[in-house]
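Raw contents of data_18.txt, compact mmCIF, C-alpha atoms:
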# COMPACT_ATOMS: atom_id res chain seq x y z
CA MET A 1 12.44 -12.68 -11.52
CA CYS A 2 8.98 -11.68 -12.73
CA LEU A 3 7.87 -8.22 -13.66
CA LEU A 4 4.10 -7.88 -13.53
CA VAL A 5 2.80 -5.03 -15.65
CA GLY A 6 -0.82 -3.94 -15.38
CA THR A 7 -2.08 -1.90 -18.31
CA HIS A 8 -5.21 -0.26 -19.61
CA LYS A 9 -5.68 -3.25 -21.93
CA GLY A 10 -4.65 -6.25 -19.86
CA ALA A 11 -1.70 -7.74 -18.01
CA PHE A 12 1.80 -8.51 -19.26
CA ILE A 13 4.28 -10.74 -17.45
CA PHE A 14 8.00 -10.34 -18.06
CA THR A 15 10.36 -13.02 -16.81
CA SER A 16 14.14 -13.08 -16.62
CA GLY A 17 16.93 -15.00 -14.97
CA PRO A 18 18.73 -13.70 -11.90
CA ASP A 19 20.76 -11.31 -14.06
CA ARG A 20 17.60 -9.25 -14.73
CA LYS A 21 18.99 -8.53 -18.16
CA ASN A 22 17.00 -10.42 -20.79
CA TRP A 23 13.23 -10.41 -20.46
CA LYS A 24 10.65 -12.67 -22.08
CA VAL A 25 7.11 -11.38 -22.23
CA SER A 26 3.73 -13.06 -22.19
CA GLY A 27 0.37 -11.37 -22.58
CA PRO A 28 -1.87 -9.60 -22.79
CA HIS A 29 -3.57 -11.67 -20.14
CA LEU A 30 -7.07 -10.73 -18.96
CA LYS A 31 -7.28 -8.89 -22.26
CA GLY A 32 -9.12 -5.60 -22.51
CA ASN A 33 -9.41 -5.02 -18.77
CA ASP A 34 -7.81 -2.29 -16.71
CA ILE A 35 -5.30 -4.02 -14.47
CA TYR A 36 -4.74 -1.56 -11.68
CA HIS A 37 -2.28 -3.73 -9.79
CA MET A 38 -0.75 -7.18 -9.72
CA ALA A 39 1.06 -9.03 -6.96
CA TYR A 40 3.27 -12.07 -6.84
CA ASP A 41 2.47 -14.14 -3.77
CA ARG A 42 5.82 -15.52 -2.69
CA ARG A 43 4.11 -17.97 -0.35
CA THR A 44 2.59 -19.92 -3.24
CA GLY A 45 4.05 -18.55 -6.47
CA ALA A 46 0.60 -17.39 -7.55
CA VAL A 47 -0.03 -14.10 -9.33
CA LEU A 48 -2.98 -11.95 -8.25
CA ALA A 49 -4.49 -9.21 -10.39
CA SER A 50 -6.93 -6.40 -9.66
CA ILE A 51 -9.28 -6.27 -12.63
CA VAL A 52 -11.61 -3.45 -13.55
CA SER A 53 -13.85 -4.04 -16.54
CA GLY A 54 -15.77 -1.16 -18.03
CA HIS A 55 -18.73 -3.45 -18.51
CA TRP A 56 -18.50 -6.17 -15.92
CA GLY A 57 -17.13 -4.27 -12.93
CA PRO A 58 -14.20 -5.11 -10.67
CA THR A 59 -12.91 -8.45 -9.45
CA VAL A 60 -9.73 -10.25 -8.48
CA ALA A 61 -8.17 -12.99 -10.60
CA ARG A 62 -5.53 -15.48 -9.57
CA SER A 63 -3.13 -17.47 -11.71
CA GLU A 64 -1.05 -20.40 -10.50
CA ASP A 65 0.84 -20.81 -13.79
CA LEU A 66 2.23 -17.33 -14.43
CA GLY A 67 -0.71 -16.21 -16.50
CA ASP A 68 -1.50 -19.28 -18.62
CA SER A 69 -4.84 -19.63 -16.84
CA TRP A 70 -6.79 -17.43 -14.44
CA LYS A 71 -9.55 -17.96 -11.96
CA GLU A 72 -11.71 -15.12 -10.71
CA SER A 73 -12.68 -14.79 -7.06
CA SER A 74 -15.88 -16.65 -6.25
CA THR A 75 -16.79 -13.88 -3.80
CA PRO A 76 -15.00 -10.75 -5.00
CA PRO A 77 -14.59 -7.63 -2.86
CA LYS A 78 -18.14 -6.42 -2.36
CA PHE A 79 -19.72 -4.03 0.13
CA PRO A 80 -22.60 -5.47 2.17
CA LYS A 81 -26.19 -4.87 1.15
CA GLY A 82 -27.62 -1.80 2.80
CA SER A 83 -24.25 -0.04 3.05
CA GLY A 84 -25.13 2.06 0.02
CA LEU A 85 -21.60 1.44 -1.25
CA SER A 86 -20.48 -0.42 -4.32
CA VAL A 87 -16.92 -1.21 -5.38
CA ALA A 88 -16.12 0.87 -8.45
CA ARG A 89 -12.43 0.10 -8.84
CA LEU A 90 -9.91 -2.23 -7.30
CA TRP A 91 -6.51 -0.70 -6.60
CA GLN A 92 -3.62 -2.32 -4.82
CA ILE A 93 -3.58 -5.99 -3.96
CA LYS A 94 -1.15 -7.14 -1.28
CA PRO A 95 -0.35 -10.60 0.05
CA ALA A 96 0.27 -10.58 3.81
CA SER A 97 3.36 -12.00 5.49
CA GLU A 98 4.51 -15.61 5.85
CA ASP A 99 3.01 -15.57 9.35
CA GLU A 100 -0.51 -15.22 7.96
CA PRO A 101 -0.97 -17.94 5.34
CA GLY A 102 -3.85 -17.27 2.99
CA VAL A 103 -4.25 -13.63 3.95
CA VAL A 104 -4.36 -11.09 1.12
CA TYR A 105 -5.49 -7.47 1.26
CA ALA A 106 -7.12 -5.37 -1.46
CA GLY A 107 -7.79 -1.64 -1.55
CA VAL A 108 -10.82 -0.30 -3.38
CA GLU A 109 -12.72 2.78 -4.46
CA PRO A 110 -14.77 4.05 -2.68
CA ALA A 111 -12.02 3.83 -0.12
CA CYS A 112 -11.99 0.69 1.93
CA LEU A 113 -9.89 -2.37 2.65
CA PHE A 114 -10.89 -5.95 1.95
CA ARG A 115 -9.28 -9.07 3.38
CA SER A 116 -9.14 -12.58 2.03
CA GLU A 117 -8.16 -15.53 4.19
CA ASP A 118 -8.14 -18.09 1.38
CA TRP A 119 -5.46 -16.70 -0.97
CA GLY A 120 -7.84 -14.32 -2.76
CA LYS A 121 -10.78 -16.60 -3.51
CA THR A 122 -13.27 -14.90 -1.20
CA TRP A 123 -13.18 -11.45 0.40
CA LYS A 124 -14.62 -9.62 3.39
CA VAL A 125 -14.84 -5.90 3.97
CA ASN A 126 -12.94 -4.28 6.84
CA GLU A 127 -15.88 -3.03 8.84
CA ALA A 128 -13.90 -0.64 11.02
CA LEU A 129 -12.78 1.31 7.98
CA MET A 130 -16.12 1.04 6.21
CA ASN A 131 -17.87 2.45 9.29
CA HIS A 132 -15.14 4.91 10.27
CA LYS A 133 -16.64 7.84 12.16
CA THR A 134 -15.12 10.40 9.79
CA ARG A 135 -16.07 8.61 6.58
CA LYS A 136 -18.87 10.99 5.61
CA LYS A 137 -16.35 13.83 5.49
CA TRP A 138 -13.88 12.05 3.23
CA GLN A 139 -13.26 13.81 -0.07
CA PRO A 140 -11.94 12.17 -3.24
CA GLY A 141 -8.69 13.17 -4.91
CA GLY A 142 -8.36 13.48 -8.67
CA GLY A 143 -8.10 9.69 -8.98
CA GLY A 144 -11.25 9.11 -6.97
CA LEU A 145 -11.77 8.26 -3.30
CA CYS A 146 -9.42 5.32 -3.51
CA LEU A 147 -7.49 3.25 -1.02
CA HIS A 148 -4.46 2.84 -3.25
CA THR A 149 -1.64 1.70 -0.99
CA ILE A 150 -1.37 -1.12 1.55
CA LEU A 151 1.79 -1.75 3.56
CA VAL A 152 1.98 -4.82 5.78
CA ASN A 153 4.66 -4.68 8.44
CA PRO A 154 6.69 -7.87 7.90
CA LYS A 155 7.71 -8.02 11.56
CA ARG A 156 4.27 -7.23 13.01
CA PRO A 157 1.63 -8.66 10.66
CA ARG A 158 -1.26 -7.08 12.56
CA ARG A 159 0.21 -3.67 11.80
CA VAL A 160 -1.04 -2.46 8.41
CA HIS A 161 -0.75 1.00 6.88
CA VAL A 162 -3.19 2.23 4.24
CA ALA A 163 -3.17 5.39 2.14
CA ILE A 164 -6.33 7.02 0.83
CA SER A 165 -6.66 9.92 -1.59
CA ALA A 166 -7.54 12.49 -0.34
CA VAL A 167 -7.96 11.36 3.23
CA GLY A 168 -4.39 10.56 4.24
CA THR A 169 -2.62 7.71 5.95
CA LEU A 170 -4.10 5.40 8.56
CA ARG A 171 -2.59 2.56 10.56
CA THR A 172 -3.99 -0.38 12.43
CA ASP A 173 -2.03 -2.29 15.06
CA ASP A 174 -4.74 -4.81 15.79
CA GLY A 175 -5.28 -6.47 12.44
CA GLY A 176 -7.86 -3.97 11.24
CA GLU A 177 -10.15 -3.78 14.25
CA SER A 178 -9.34 -0.10 14.71
CA TRP A 179 -7.59 2.59 12.69
CA ARG A 180 -5.99 5.90 13.52
CA PHE A 181 -4.87 8.71 11.27
CA GLN A 182 -1.17 9.29 10.79
CA ASN A 183 -0.83 12.66 9.11
CA LYS A 184 1.19 14.61 11.67
CA ASN A 185 3.26 17.36 10.00
CA VAL A 186 1.86 16.53 6.54
CA LEU A 187 0.75 19.64 4.68
CA ALA A 188 -2.64 20.00 3.01
CA ASP A 189 -2.33 23.49 1.56
CA PHE A 190 -5.69 23.18 -0.19
CA HIS A 191 -7.31 22.90 3.26
CA PRO A 192 -8.05 25.90 5.49
CA LYS A 193 -6.27 24.26 8.45
CA LYS A 194 -3.10 23.36 6.45
CA TYR A 195 -2.23 20.54 8.89
CA PRO A 196 -5.56 18.85 9.59
CA GLU A 197 -5.95 15.51 11.34
CA TYR A 198 -7.03 14.01 8.00
CA GLY A 199 -7.76 15.20 4.48
CA GLN A 200 -4.19 15.04 3.16
CA CYS A 201 -3.66 13.92 -0.41
CA VAL A 202 -1.22 11.05 -0.06
CA HIS A 203 -0.06 9.72 -3.43
CA LYS A 204 2.16 6.80 -2.44
CA LEU A 205 3.93 5.22 0.53
CA ALA A 206 6.97 2.96 0.33
CA ILE A 207 8.19 0.86 3.24
CA ASN A 208 11.54 -0.69 3.78
CA PRO A 209 10.92 -4.38 4.58
CA SER A 210 14.13 -4.72 6.59
CA ALA A 211 13.44 -1.57 8.64
CA PRO A 212 9.65 -1.23 8.45
CA ASP A 213 9.42 1.76 10.76
CA VAL A 214 10.99 3.79 7.95
CA ILE A 215 8.39 4.91 5.41
CA TYR A 216 8.84 7.23 2.45
CA HIS A 217 5.85 9.26 1.34
CA GLN A 218 5.08 11.12 -1.87
CA ASN A 219 2.26 13.53 -1.22
CA HIS A 220 0.40 16.07 -3.32
CA CYS A 221 1.94 18.77 -1.14
CA GLY A 222 5.37 17.41 -0.30
CA VAL A 223 7.80 14.54 0.11
CA TYR A 224 8.10 13.03 3.58
CA ARG A 225 9.80 10.36 5.63
CA SER A 226 8.69 8.75 8.84
CA ASP A 227 11.11 6.97 11.18
CA ASP A 228 8.42 5.91 13.62
CA ALA A 229 6.02 3.85 11.51
CA GLY A 230 3.99 6.86 10.46
CA ASP A 231 3.48 8.47 13.87
CA SER A 232 5.14 11.61 12.54
CA TRP A 233 6.57 12.83 9.26
CA VAL A 234 9.56 14.96 8.28
CA ASP A 235 9.60 17.07 5.13
CA ILE A 236 12.43 15.78 2.92
CA ARG A 237 11.82 17.62 -0.31
CA ASN A 238 15.10 19.54 0.04
CA ASN A 239 16.73 19.79 -3.42
CA LEU A 240 14.12 17.80 -5.35
CA PRO A 241 12.99 19.82 -8.38
CA SER A 242 9.37 19.60 -7.25
CA ARG A 243 7.43 18.57 -4.21
CA PHE A 244 4.84 16.92 -6.47
CA GLY A 245 4.85 13.42 -7.94
CA PHE A 246 3.13 10.09 -7.65
CA PRO A 247 5.32 6.98 -7.20
CA ALA A 248 7.82 6.25 -4.44
CA ALA A 249 10.14 3.29 -3.87
CA ALA A 250 12.42 2.17 -1.04
CA ASP A 251 15.66 0.26 -1.38
CA ALA A 252 15.30 -2.98 0.59
CA ASN A 253 19.02 -3.19 1.29
CA ASN A 254 19.49 0.33 2.53
CA PRO A 255 16.91 2.17 4.66
CA LYS A 256 18.66 5.44 3.85
CA ARG A 257 18.02 5.03 0.14
CA ALA A 258 14.74 5.85 -1.62
CA TYR A 259 13.46 6.93 -5.03
CA MET A 260 10.92 9.47 -6.27
CA ALA A 261 9.79 10.63 -9.71
CA PRO A 262 8.98 14.34 -9.45
CA LEU A 263 6.55 16.15 -11.72
CA GLU A 264 5.94 19.84 -12.08
CA GLY A 265 3.27 20.70 -9.59
CA ASP A 266 -0.35 20.11 -9.48
CA PHE A 267 -1.66 21.84 -12.56
CA SER A 268 0.67 20.66 -15.34
CA ARG A 269 1.87 17.30 -14.01
CA ILE A 270 4.68 16.97 -16.54
CA PRO A 271 8.35 16.23 -15.82
CA PRO A 272 10.41 19.28 -14.83
CA ASP A 273 12.07 20.85 -17.89
CA GLY A 274 10.49 18.22 -20.13
CA HIS A 275 12.92 15.59 -18.88
CA PHE A 276 11.64 12.64 -16.93
CA ALA A 277 14.08 11.39 -14.31
CA VAL A 278 14.02 9.28 -11.18
CA TRP A 279 15.63 10.96 -8.20
CA GLY A 280 17.40 9.03 -5.45
CA THR A 281 18.72 9.74 -1.99
CA ASP A 282 21.39 7.94 0.03
CA ASN A 283 20.84 9.83 3.24
CA ARG A 284 17.10 9.58 4.02
CA GLY A 285 16.20 12.54 1.86
CA LYS A 286 18.66 15.14 3.07
CA GLU A 287 19.99 15.37 -0.48
CA TRP A 288 18.65 14.04 -3.76
CA PHE A 289 20.44 13.22 -7.01
CA LYS A 290 19.12 12.71 -10.51
CA LEU A 291 19.16 9.18 -11.93
CA ASP A 292 18.65 9.60 -15.67
CA ASP A 293 21.49 7.82 -17.47
CA GLY A 294 19.83 5.92 -20.31
CA LEU A 295 16.61 7.92 -20.23
CA PRO A 296 15.65 10.19 -23.14
CA VAL A 297 16.92 13.75 -22.94
CA LYS A 298 13.43 15.01 -23.72
CA SER A 299 10.52 13.00 -22.42
CA TYR A 300 7.13 13.92 -21.11
CA TYR A 301 6.60 10.52 -19.51
CA THR A 302 3.90 10.13 -16.95
CA VAL A 303 4.43 7.40 -14.34
CA LEU A 304 1.34 6.68 -12.26
CA ARG A 305 1.40 6.02 -8.53
CA ASP A 306 1.86 2.26 -8.91
CA GLY A 307 4.07 2.61 -11.97
CA MET A 308 7.45 2.37 -10.22
CA VAL A 309 8.81 -0.38 -8.00
CA ALA A 310 12.08 -1.60 -6.48
CA ASP A 311 13.04 -5.25 -6.19
CA MET A 312 14.81 -6.76 -3.18
CA GLU A 313 18.06 -7.70 -4.88
CA ASP A 314 21.46 -6.25 -4.03
CA PRO A 315 22.15 -3.99 -5.81
CA CYS A 316 18.55 -2.95 -5.94
CA GLY A 317 16.73 -3.14 -9.28
CA LEU A 318 14.27 -0.41 -10.19
CA TYR A 319 11.49 -0.52 -12.76
CA PHE A 320 9.01 1.99 -14.09
CA GLY A 321 6.28 2.00 -16.72
CA THR A 322 4.71 4.99 -18.40
CA THR A 323 1.24 5.90 -19.57
CA THR A 324 2.67 5.91 -23.11
CA GLY A 325 3.76 2.28 -22.88
CA GLN A 326 7.48 2.43 -22.17
CA LEU A 327 8.91 0.02 -19.60
CA PHE A 328 12.37 0.74 -18.17
CA SER A 329 14.61 -1.19 -15.79
CA SER A 330 17.77 -0.51 -13.87
CA ARG A 331 19.94 -3.22 -12.31
CA ASP A 332 22.11 -0.82 -10.37
CA GLN A 333 19.94 1.34 -8.12
CA GLY A 334 18.87 3.63 -10.95
CA ASN A 335 22.40 4.54 -12.02
CA HIS A 336 21.72 3.30 -15.52
CA TRP A 337 18.43 2.61 -17.26
CA GLU A 338 17.56 0.22 -20.07
CA ARG A 339 14.34 0.18 -22.04
CA ILE A 340 12.65 -3.24 -21.87
CA THR A 341 9.91 -2.29 -24.30
CA ASP A 342 8.46 0.79 -25.93
CA SER A 343 5.12 -0.49 -27.05
CA LEU A 344 2.76 -1.53 -24.29
CA PRO A 345 -0.70 -0.07 -23.72
CA PRO A 346 -0.86 2.68 -21.07
CA ILE A 347 0.83 1.23 -17.99
CA LEU A 348 -1.11 1.47 -14.74
CA SER A 349 1.17 -0.54 -12.47
CA VAL A 350 4.48 -2.35 -12.27
CA SER A 351 5.15 -5.01 -9.63
CA VAL A 352 8.03 -7.40 -9.18
CA SER A 353 8.20 -10.93 -7.83
CA ALA A 354 10.78 -10.12 -5.22
CA THR A 355 9.01 -7.34 -3.35
CA MET B 356 -38.12 -23.05 -17.01
CA ILE B 357 -36.15 -19.86 -17.67
CA ARG B 358 -33.35 -19.87 -20.20
CA VAL B 359 -30.47 -17.47 -19.61
CA ARG B 360 -28.20 -16.77 -22.55
CA LEU B 361 -24.72 -15.60 -21.64
CA THR B 362 -22.31 -13.54 -23.63
CA ALA B 363 -18.84 -14.89 -24.40
CA GLN B 364 -17.24 -12.89 -21.58
CA LEU B 365 -19.48 -14.55 -19.00
CA LYS B 366 -19.39 -18.11 -20.22
CA ASP B 367 -15.99 -18.76 -18.65
CA LEU B 368 -17.59 -18.12 -15.29
CA ALA B 369 -20.37 -20.59 -16.14
CA LYS B 370 -18.02 -23.48 -16.89
CA GLY B 371 -18.17 -22.68 -20.59
CA ALA B 372 -21.96 -22.73 -20.93
CA ARG B 373 -23.53 -20.21 -23.32
CA GLU B 374 -26.98 -21.01 -22.01
CA VAL B 375 -28.12 -21.88 -18.50
CA GLU B 376 -31.55 -23.17 -17.54
CA LEU B 377 -33.18 -22.30 -14.24
CA ASP B 378 -36.27 -24.02 -12.92
CA SER B 379 -37.76 -20.72 -11.87
CA ALA B 380 -37.02 -17.21 -10.62
CA ASP B 381 -39.57 -14.63 -9.56
CA ASP B 382 -37.62 -11.70 -10.95
CA LEU B 383 -34.27 -10.75 -12.48
CA GLY B 384 -32.66 -10.06 -9.10
CA THR B 385 -33.56 -13.56 -7.96
CA MET B 386 -32.33 -14.97 -11.24
CA VAL B 387 -28.91 -13.33 -10.77
CA ARG B 388 -28.64 -14.66 -7.22
CA LYS B 389 -29.49 -18.18 -8.43
CA LEU B 390 -26.91 -17.91 -11.19
CA ASP B 391 -24.32 -16.82 -8.63
CA THR B 392 -25.14 -19.78 -6.41
CA SER B 393 -24.50 -22.13 -9.31
CA PHE B 394 -21.50 -20.23 -10.66
CA PRO B 395 -19.87 -18.23 -7.83
CA GLY B 396 -18.62 -14.85 -8.97
CA ILE B 397 -20.89 -14.41 -12.00
CA GLY B 398 -23.47 -12.35 -10.13
CA GLY B 399 -21.03 -9.56 -9.33
CA ARG B 400 -20.26 -9.14 -13.00
CA ILE B 401 -23.93 -8.49 -13.79
CA VAL B 402 -25.05 -6.43 -10.80
CA ASP B 403 -23.19 -4.12 -8.42
CA ASP B 404 -22.77 -4.61 -4.68
CA GLN B 405 -26.27 -3.30 -3.99
CA GLY B 406 -27.86 -5.60 -6.56
CA LYS B 407 -28.38 -3.00 -9.30
CA ILE B 408 -27.76 -4.01 -12.90
CA ARG B 409 -24.38 -2.55 -13.88
CA ALA B 410 -24.50 0.63 -15.94
CA HIS B 411 -22.91 -0.94 -19.01
CA VAL B 412 -24.70 -4.28 -18.90
CA ASN B 413 -28.02 -4.85 -20.61
CA VAL B 414 -30.39 -7.59 -19.55
CA PHE B 415 -33.13 -8.37 -22.03
CA VAL B 416 -36.23 -10.38 -21.22
CA ASN B 417 -37.73 -11.81 -24.39
CA SER B 418 -35.90 -9.07 -26.33
CA GLU B 419 -37.21 -6.26 -24.11
CA ASN B 420 -34.57 -4.26 -22.26
CA SER B 421 -35.16 -4.66 -18.53
CA ARG B 422 -34.39 -0.95 -18.05
CA GLU B 423 -37.75 -0.31 -19.70
CA LEU B 424 -39.44 -2.99 -17.63
CA GLY B 425 -38.65 -3.19 -13.93
CA ARG B 426 -34.86 -3.47 -13.92
CA GLU B 427 -33.85 -5.99 -11.23
CA LYS B 428 -37.48 -6.32 -10.21
CA THR B 429 -38.63 -7.33 -13.68
CA LYS B 430 -40.96 -10.30 -13.21
CA LEU B 431 -40.08 -13.55 -14.91
CA ARG B 432 -42.41 -16.27 -16.09
CA ASP B 433 -42.02 -19.85 -17.20
CA GLY B 434 -40.64 -19.93 -20.73
CA ASP B 435 -38.92 -16.54 -20.61
CA VAL B 436 -35.59 -16.15 -22.38
CA VAL B 437 -33.11 -13.75 -20.79
CA HIS B 438 -30.11 -12.35 -22.66
CA ILE B 439 -27.24 -10.77 -20.69
CA LEU B 440 -25.15 -8.56 -22.97
CA PRO B 441 -22.57 -5.80 -22.68
CA ALA B 442 -23.94 -2.38 -23.61
CA VAL B 443 -22.49 -0.94 -26.79
CA SER B 444 -19.29 1.00 -26.05
CA GLY B 445 -17.60 3.74 -27.94
CA GLY B 446 -18.86 6.48 -30.15
Kindly return the structure encoded in the file as structure tokens.
Amino acid sequence: MCLLVGTHKGAFIFTSGPDRKNWKVSGPHLKGNDIYHMAYDRRTGAVLASIVSGHWGPTVARSEDLGDSWKESSTPPKFPKGSGLSVARLWQIKPASEDEPGVVYAGVEPACLFRSEDWGKTWKVNEALMNHKTRKKWQPGGGGLCLHTILVNPKRPRRVHVAISAVGTLRTDDGGESWRFQNKNVLADFHPKKYPEYGQCVHKLAINPSAPDVIYHQNHCGVYRSDDAGDSWVDIRNNLPSRFGFPAAADANNPKRAYMAPLEGDFSRIPPDGHFAVWGTDNRGKEWFKLDDGLPVKSYYTVLRDGMVADMEDPCGLYFGTTTGQLFSSRDQGNHWERITDSLPPILSVSVSAT
Amino acid sequence: MIRVRLTAQLKDLAKGAREVELDSADDLGTMVRKLDTSFPGIGGRIVDDQGKIRAHVNVFVNSENSRELGREKTKLRDGDVVHILPAVSGG
């Protein structure tokens, strides 16, 4: 099992045996760079990293030896000349399914999707999204106009969901040739229409790989679930202490189970009552319960949108990293937490080899 | 001949070379494109997607900052020495 941790100062790779108990760390790799996201490509065993350098701009790097050496893309994600657009930051990087060897997706700011067909060495822009008819009306969220989440349907590889702040969720069913918004019933209470076609501030989507029509959704203005691959959404905030938060995770072994990390709303963005906790549900969000055994009683942790992830083991393992450098794991669906380390740079993302 | 001196962060993309020689290049933009042809990926670290020198990268031609010359359109001549350096960061 590998835990890939992207930080403000480089990448760290934690490895453990199947027990997920004892972790060895290497890093920082790609030292000094913001690592917005990393992905383990199960098809090859390679690790991919989204790099953003304050000086040298964004690129993708790939390692075939778990971080001992890295090779940058020869043609990194880059908008075409004349588009007037330039990639400012790289967000999520996502290998496609086994049915599409070589295919990897990357989301960028300003919001767009890039696709590689050679395992991340060279990249091409998704023209349909770059030239989307509504693009000129897209507004950035607080984190920028970023395409931060990519979900590839494992059963239908040409179906891809993307989430853009603050534009909302879009889906393609034809491999990216066309996109349609999927924001039905999702509130945008900062918008005069409240339920517009687009303009929602989606923070994170989490898909269940065994039941990919089920998607959990943490939004700026609510917590939602879709049972129809994003065609419509149901409000599932219910007894959560807040509708606001950033990360979301789905339990691969149980489509009824998901995890959120609520924060007090919009303007403070701190954990409710000064106590960070993950909240879980066993019944698709009808009821939520606090998962905080092993977490500090008082903690003002901030976990960013890519800072929490679930593995695919049974029972499900959960992991989160904070902007103050703590990395926690749970081997039992969040019922008990253990601190892996307390001393990393600000953590931007946590990924796991088995997702 | 134009000599291009690379900073440590860029040399890994140039197969470890700290200095690269180009037969010719009309201007800095052309020079970056030629560098990228020889060492794929290096160009995007120096200029953005639209070919503009990145905000925190300085390109000097014979010790003159190209921002005070013609930026990417700065003309180059035989014998010029170009330094590509990160801008100073911090306070």
(request) Write down, as JSON, numbers by chain, each residue of chain B that has any atom within 7 Å of an atom of chain A, counting only C-alpha atoms. (result) {"B": [395, 396, 400, 401, 403, 404, 405, 411, 412, 441]}
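The interatomic distance for the pair atom CA of Met260 of chain A and atom CA of Phe320 of chain A works out to 11.0 Å.
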I want to know what sits within 9 Å of Ser232 of chain A, based on all atoms listed in the file, with residues of the same chain fewer than 5 positions away left out; could you give that as an mmCIF file with C-alpha atoms, in the coordinates of the input?
data_model
loop_
_atom_site.group_PDB
_atom_site.id
_atom_site.type_symbol
_atom_site.label_atom_id
_atom_site.label_comp_id
_atom_site.auth_asym_id
_atom_site.auth_seq_id
_atom_site.Cartn_x
_atom_site.Cartn_y
_atom_site.Cartn_z
ATOM 1 C CA GLN A 182 -1.170 9.290 10.790
ATOM 2 C CA ASN A 183 -0.830 12.660 9.110
ATOM 3 C CA LYS A 184 1.190 14.610 11.670
ATOM 4 C CA ASN A 185 3.260 17.360 10.000
ATOM 5 C CA VAL A 186 1.860 16.530 6.540
ATOM 6 C CA ARG A 225 9.800 10.360 5.630
ATOM 7 C CA SER A 226 8.690 8.750 8.840
ATOM 8 C CA ASP A 227 11.110 6.970 11.180
#
(request) Would you mind reading off the distance between atom CA of Ser242 of chain A and atom CA of Trp279 of chain A, one decimal, in Å? (result) 10.7 Å
(message) Would you pick out the contacts of Gly245 of chain A at 8 Å or less, using all atoms listed in the file, so that residues sharing its chain but fewer than 6 positions from it are not included, and give the list as a ChimeraX atom specification?
(response) /A:203,218-220,260-265,269
(request) Would you please work out which residue, of A:Glu109, A:Glu64, A:Glu117, A:Glu127, is nearest to Ala163 of chain A when using only C-alpha atoms? (result) A:Glu109
(message) When you count all atoms listed in the file, which of these residues is closest to Val303 of chain A: A:Leu240, A:Leu291, A:Ala277, A:Ile13?
(response)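 Counting all atoms listed in the file, the residue closest to Val303 of chain A is A:Ala277.
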(request) Pick out the residues sitting within 6 Å of Pro140 of chain A, and hand them over as a PyMOL selection string; count all atoms listed in the file, and ignore anything fewer than 4 positions along from it in its own chain. (result) chain A and resi 144-145+165-166
Keeping C-alpha atoms, export the residues of the selection given above as a tab-separated table (two decimals), in the coordinates of the input.
chain	number	residue	atom	x	y	z
A	144	GLY	CA	-11.25	9.11	-6.97
A	145	LEU	CA	-11.77	8.26	-3.30
A	165	SER	CA	-6.66	9.92	-1.59
A	166	ALA	CA	-7.54	12.49	-0.34
(request) Mind giving me the straight-line distance from atom CA of Lys155 of chain A to atom CA of Ala310 of chain A in Å, one decimal? (result) 19.6 Å
(message) Could you check which residues have any atom within 8 Å of (20.4, 1.5, -19.7), counting all atoms listed in the file with coordinates taken straight from the file, and then list them as a list in words?
(response) Asp293, Gly294, Leu295, Ser329, Ser330, His336, Trp337, Glu338 and Arg339 of chain A
Would you save the residues of that selection, restricted to C-alpha atoms, as a compact mmCIF listing (two decimals), in the frame of the given file?
# COMPACT_ATOMS: atom_id res chain seq x y z
CA ASP A 293 21.49 7.82 -17.47
CA GLY A 294 19.83 5.92 -20.31
CA LEU A 295 16.61 7.92 -20.23
CA SER A 329 14.61 -1.19 -15.79
CA SER A 330 17.77 -0.51 -13.87
CA HIS A 336 21.72 3.30 -15.52
CA TRP A 337 18.43 2.61 -17.26
CA GLU A 338 17.56 0.22 -20.07
CA ARG A 339 14.34 0.18 -22.04
(message) Here is a test: counting all atoms listed in the file, which residue of A:Gly168, A:Glu177, A:Ser63, A:Gly10 is nearest to Gln200 of chain A?
(response) A:Gly168
Please fill the gaps in segment 63-68 of chain A so it has N, CA, C and O atoms, and write that as a JSON list (two decimals), keeping the file's coordinate frame.
[["chain", "number", "residue", "atom", "x", "y", "z"],
["A", 63, "SER", "N", -3.73, -16.52, -10.80],
["A", 63, "SER", "CA", -3.13, -17.47, -11.71],
["A", 63, "SER", "C", -2.05, -18.26, -10.97],
["A", 63, "SER", "O", -1.22, -17.67, -10.28],
["A", 64, "GLU", "N", -2.08, -19.56, -11.15],
["A", 64, "GLU", "CA", -1.05, -20.40, -10.50],
["A", 64, "GLU", "C", 0.00, -20.85, -11.49],
["A", 64, "GLU", "O", 0.88, -21.65, -11.16],
["A", 65, "ASP", "N", -0.11, -20.37, -12.76],
["A", 65, "ASP", "CA", 0.84, -20.81, -13.79],
["A", 65, "ASP", "C", 1.38, -19.61, -14.57],
["A", 65, "ASP", "O", 1.52, -19.67, -15.79],
["A", 66, "LEU", "N", 1.65, -18.55, -13.84],
["A", 66, "LEU", "CA", 2.23, -17.33, -14.43],
["A", 66, "LEU", "C", 1.44, -16.82, -15.63],
["A", 66, "LEU", "O", 2.01, -16.43, -16.65],
["A", 67, "GLY", "N", 0.14, -16.86, -15.52],
["A", 67, "GLY", "CA", -0.71, -16.21, -16.50],
["A", 67, "GLY", "C", -1.30, -17.12, -17.56],
["A", 67, "GLY", "O", -2.14, -16.68, -18.35],
["A", 68, "ASP", "N", -0.91, -18.40, -17.61],
["A", 68, "ASP", "CA", -1.50, -19.28, -18.62],
["A", 68, "ASP", "C", -3.00, -19.47, -18.39],
["A", 68, "ASP", "O", -3.78, -19.60, -19.33]]
